[in-house]
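Below is one structure; the comments refer to it alone.
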Amino acid sequence: MKQELIQYVEDNFITKQEFPKFKAGDTVVVSYKIVEGSKERIQQFQGVVLQINGAGATKTFTVRKISGGIGVERIFPFATPMIADIKVTKRGVVRRARIFYLRNLTGKKARIKERRG
């Protein structure tokens with residue numbers, strides 16, 4: 001009963017956007033809206049997808065980039081109206097669904113091979 005109610009709310013009240021298919025290892029550019037007072041602007045966050053977590057309305061993905069020599073990670077929910085667009089710039093070849101080992105690598109070792117085709 002409880003699960004049916006949750007499913008009903010997810011189907012009818014949560015807006016779903018269509019995003020391109022991507023997985024861990026892909027490089028993406030996430031354009032998200034930032035509201036500052038009455039102004040609204042779009043900021044882009046480009047990085048490597050570390051993981052995709054959850055299912056349904058609670059599905060999220062983690063993106064990591066290096067900014068000023070420091071690793072920055074951000075978790076984005078799929079079901080948010082704040083994401084304006086997601087673009088996949090590179091498809092990566094990795095053998096795991098969660099590539100947390102990338103956190104410990106720096107320089108050339110942190111590169112991910114690009115998928116051909």
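Please note that chains go A, B, ... in the order of the structure tokens, that every chain numbers its residues from 1, and that ligands are numbered from 1 in the order shown.
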
| Skipping near chain neighbours, those fewer than 2 positions away, what residues fall within 7 Å of Gly47 of chain A using only C-alpha atoms, listed as a PyMOL selection string? | chain A and resi 27-29+45+49+63-65

| message | Just want the 8 Å neighbourhood of segment 73-90 of chain A, counted on only C-alpha atoms, with same-chain residues fewer than 2 positions away dropped. Output as an MDAnalysis selection string. | response | chainID A and resid 14:17 19:20 22 26:34 42 57:65 71 92 114:115

With C-alpha atoms retained, write the just-selected residues as a tab-separated table (two decimals), in the first residue's frame.
chain	number	residue	atom	x	y	z
A	14	ILE	CA	7.29	14.90	-10.19
A	15	THR	CA	8.30	16.45	-13.50
A	16	LYS	CA	10.68	14.35	-15.56
A	17	GLN	CA	13.09	15.84	-18.05
A	19	PHE	CA	18.48	13.84	-20.63
A	20	PRO	CA	20.98	12.02	-22.85
A	22	PHE	CA	25.45	8.61	-19.92
A	26	ASP	CA	31.72	9.99	-19.39
A	27	THR	CA	32.60	13.68	-19.43
A	28	VAL	CA	29.51	15.86	-19.18
A	29	VAL	CA	28.65	19.55	-19.03
A	30	VAL	CA	25.78	20.21	-16.63
A	31	SER	CA	24.07	23.59	-17.06
A	32	TYR	CA	22.15	24.47	-13.92
A	33	LYS	CA	20.24	27.52	-12.82
A	34	ILE	CA	21.44	29.61	-9.91
A	42	ILE	CA	22.92	29.51	-15.74
A	57	ALA	CA	12.59	10.17	-8.32
A	58	THR	CA	15.64	9.85	-6.06
A	59	LYS	CA	18.14	9.10	-8.85
A	60	THR	CA	21.33	11.20	-8.65
A	61	PHE	CA	24.70	11.42	-10.36
A	62	THR	CA	28.07	12.65	-9.11
A	63	VAL	CA	30.35	14.78	-11.29
A	64	ARG	CA	34.01	15.51	-10.45
A	65	LYS	CA	36.28	18.19	-11.88
A	71	GLY	CA	39.16	18.19	-6.84
A	92	GLY	CA	34.83	7.13	-21.49
A	114	GLU	CA	37.79	7.65	-24.92
A	115	ARG	CA	35.31	5.21	-26.43

| Residues flagged alpha helix (DSSP H) by DSSP in chain A, as number ranges by chain | A: 2-13

Dump C-alpha atoms for the selected residues as a PDB file, in the first residue's frame?
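Final output, part.pdb:
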ATOM      1  CA  LYS A   2       2.715   2.452   1.002  1.00  0.00           C
ATOM      2  CA  GLN A   3       4.796   1.612  -2.068  1.00  0.00           C
ATOM      3  CA  GLU A   4       1.780   2.151  -4.332  1.00  0.00           C
ATOM      4  CA  LEU A   5       1.224   5.634  -2.872  1.00  0.00           C
ATOM      5  CA  ILE A   6       4.870   6.548  -3.385  1.00  0.00           C
ATOM      6  CA  GLN A   7       4.722   5.313  -6.972  1.00  0.00           C
ATOM      7  CA  TYR A   8       1.528   7.299  -7.594  1.00  0.00           C
ATOM      8  CA  VAL A   9       3.099  10.532  -6.317  1.00  0.00           C
ATOM      9  CA  GLU A  10       6.268   9.956  -8.374  1.00  0.00           C
ATOM     10  CA  ASP A  11       4.282   9.334 -11.559  1.00  0.00           C
ATOM     11  CA  ASN A  12       1.842  12.238 -11.254  1.00  0.00           C
ATOM     12  CA  PHE A  13       3.570  15.061  -9.397  1.00  0.00           C
TER      13      PHE A  13
END

| message | So that I can check the secondary structure, give me every residue of chain A assigned strand (DSSP E or B) by backbone DSSP, as a PyMOL selection string. | response | chain A and resi 27-36+39-53+60-67+70-77+83-90+92+114

Only N, CA and C atoms, please: the residues just picked out, written as a compact mmCIF listing (two decimals), in the first residue's frame.
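New file out00.txt:
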# COMPACT_ATOMS: atom_id res chain seq x y z
N THR A 27 32.41 12.28 -19.77
CA THR A 27 32.60 13.68 -19.43
C THR A 27 31.36 14.44 -19.85
N VAL A 28 30.76 15.15 -18.91
CA VAL A 28 29.51 15.86 -19.18
C VAL A 28 29.63 17.33 -18.79
N VAL A 29 28.79 18.15 -19.40
CA VAL A 29 28.65 19.55 -19.03
C VAL A 29 27.22 19.72 -18.52
N VAL A 30 27.09 20.03 -17.24
CA VAL A 30 25.78 20.21 -16.63
C VAL A 30 25.52 21.71 -16.50
N SER A 31 24.47 22.19 -17.16
CA SER A 31 24.07 23.59 -17.06
C SER A 31 22.94 23.67 -16.04
N TYR A 32 23.18 24.37 -14.95
CA TYR A 32 22.15 24.47 -13.92
C TYR A 32 21.90 25.92 -13.55
N LYS A 33 20.68 26.16 -13.13
CA LYS A 33 20.24 27.52 -12.82
C LYS A 33 20.63 27.87 -11.39
N ILE A 34 21.12 29.09 -11.23
CA ILE A 34 21.44 29.61 -9.91
C ILE A 34 20.58 30.84 -9.70
N VAL A 35 19.83 30.85 -8.61
CA VAL A 35 18.95 31.97 -8.30
C VAL A 35 19.62 32.80 -7.21
N GLU A 36 19.85 34.07 -7.51
CA GLU A 36 20.43 35.00 -6.54
C GLU A 36 19.47 36.17 -6.40
N LYS A 39 17.36 37.61 -9.45
CA LYS A 39 18.06 37.29 -10.69
C LYS A 39 18.27 35.79 -10.82
N GLU A 40 18.35 35.34 -12.04
CA GLU A 40 18.59 33.93 -12.32
C GLU A 40 19.63 33.83 -13.43
N ARG A 41 20.62 32.95 -13.23
CA ARG A 41 21.63 32.75 -14.27
C ARG A 41 21.92 31.27 -14.40
N ILE A 42 22.58 30.91 -15.50
CA ILE A 42 22.92 29.51 -15.74
C ILE A 42 24.43 29.37 -15.63
N GLN A 43 24.86 28.41 -14.82
CA GLN A 43 26.27 28.13 -14.63
C GLN A 43 26.55 26.71 -15.13
N GLN A 44 27.72 26.52 -15.73
CA GLN A 44 28.07 25.21 -16.27
C GLN A 44 29.11 24.54 -15.39
N PHE A 45 28.95 23.23 -15.20
CA PHE A 45 29.85 22.42 -14.40
C PHE A 45 30.29 21.27 -15.30
N GLN A 46 31.56 21.26 -15.71
CA GLN A 46 32.05 20.21 -16.60
C GLN A 46 32.97 19.29 -15.83
N GLY A 47 32.74 17.98 -15.96
CA GLY A 47 33.58 17.02 -15.27
C GLY A 47 33.23 15.61 -15.65
N VAL A 48 33.87 14.68 -14.96
CA VAL A 48 33.70 13.24 -15.21
C VAL A 48 32.64 12.69 -14.27
N VAL A 49 31.74 11.88 -14.80
CA VAL A 49 30.70 11.25 -13.98
C VAL A 49 31.36 10.12 -13.19
N LEU A 50 31.27 10.19 -11.86
CA LEU A 50 31.84 9.15 -11.01
C LEU A 50 30.86 8.00 -10.77
N GLN A 51 29.59 8.35 -10.60
CA GLN A 51 28.60 7.31 -10.33
C GLN A 51 27.21 7.82 -10.66
N ILE A 52 26.30 6.88 -10.85
CA ILE A 52 24.88 7.16 -10.93
C ILE A 52 24.24 6.33 -9.82
N ASN A 53 23.46 6.98 -8.98
CA ASN A 53 22.96 6.34 -7.77
C ASN A 53 21.45 6.46 -7.69
N THR A 60 20.35 10.12 -8.63
CA THR A 60 21.33 11.20 -8.65
C THR A 60 22.57 10.76 -9.40
N PHE A 61 23.40 11.74 -9.77
CA PHE A 61 24.70 11.42 -10.36
C PHE A 61 25.74 12.38 -9.80
N THR A 62 26.97 11.88 -9.68
CA THR A 62 28.07 12.65 -9.11
C THR A 62 29.05 13.01 -10.21
N VAL A 63 29.42 14.29 -10.28
CA VAL A 63 30.35 14.78 -11.29
C VAL A 63 31.56 15.36 -10.57
N ARG A 64 32.76 15.03 -11.07
CA ARG A 64 34.01 15.51 -10.45
C ARG A 64 34.82 16.28 -11.48
N LYS A 65 35.37 17.42 -11.04
CA LYS A 65 36.28 18.19 -11.88
C LYS A 65 37.43 18.70 -11.02
N ILE A 66 38.50 19.11 -11.67
CA ILE A 66 39.64 19.70 -10.98
C ILE A 66 39.58 21.20 -11.21
N SER A 67 39.49 21.97 -10.14
CA SER A 67 39.39 23.43 -10.24
C SER A 67 40.50 24.04 -9.39
N ILE A 70 42.46 21.59 -7.18
CA ILE A 70 41.70 20.92 -6.11
C ILE A 70 40.51 20.20 -6.74
N GLY A 71 40.29 18.97 -6.33
CA GLY A 71 39.16 18.19 -6.84
C GLY A 71 37.85 18.68 -6.25
N VAL A 72 36.86 18.91 -7.13
CA VAL A 72 35.55 19.38 -6.70
C VAL A 72 34.51 18.38 -7.20
N GLU A 73 33.68 17.90 -6.30
CA GLU A 73 32.61 16.97 -6.68
C GLU A 73 31.27 17.61 -6.37
N ARG A 74 30.32 17.33 -7.23
CA ARG A 74 28.97 17.86 -7.01
C ARG A 74 27.97 16.76 -7.33
N ILE A 75 26.96 16.62 -6.50
CA ILE A 75 25.92 15.63 -6.70
C ILE A 75 24.69 16.33 -7.24
N PHE A 76 24.18 15.85 -8.37
CA PHE A 76 23.01 16.43 -9.01
C PHE A 76 21.87 15.43 -8.99
N PRO A 77 20.68 15.82 -8.55
CA PRO A 77 19.52 14.94 -8.70
C PRO A 77 18.97 15.05 -10.13
N ILE A 83 18.23 21.93 -13.26
CA ILE A 83 19.12 21.52 -14.35
C ILE A 83 18.50 21.96 -15.66
N ALA A 84 19.21 22.83 -16.38
CA ALA A 84 18.71 23.32 -17.66
C ALA A 84 19.05 22.34 -18.77
N ASP A 85 20.27 21.78 -18.75
CA ASP A 85 20.71 20.94 -19.86
C ASP A 85 21.90 20.09 -19.41
N ILE A 86 22.03 18.93 -20.02
CA ILE A 86 23.20 18.07 -19.83
C ILE A 86 23.71 17.71 -21.21
N LYS A 87 25.01 17.95 -21.44
CA LYS A 87 25.63 17.58 -22.71
C LYS A 87 26.76 16.61 -22.43
N VAL A 88 26.81 15.52 -23.19
CA VAL A 88 27.90 14.55 -23.07
C VAL A 88 28.97 14.95 -24.07
N THR A 89 30.15 15.31 -23.58
CA THR A 89 31.23 15.74 -24.47
C THR A 89 32.15 14.59 -24.87
N LYS A 90 32.38 13.65 -23.94
CA LYS A 90 33.24 12.49 -24.23
C LYS A 90 32.63 11.25 -23.60
N GLY A 92 33.63 7.76 -22.04
CA GLY A 92 34.83 7.13 -21.49
C GLY A 92 34.71 5.63 -21.41
N GLU A 114 39.02 7.29 -24.24
CA GLU A 114 37.79 7.65 -24.92
C GLU A 114 37.26 6.47 -25.73

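Of note, atom CA of Gly107 of chain A and atom CA of Arg91 of chain A are spaced 19.3 Å apart.
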
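Considering only C-alpha atoms, the residue among A:Glu18, A:Gly25, A:Met1, A:Gly37 positioned nearest to Arg111 of chain A is A:Gly25.
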
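The gap separating atom CA of Val94 of chain A from atom CA of Thr106 of chain A is 16.8 Å, in Å to one decimal.
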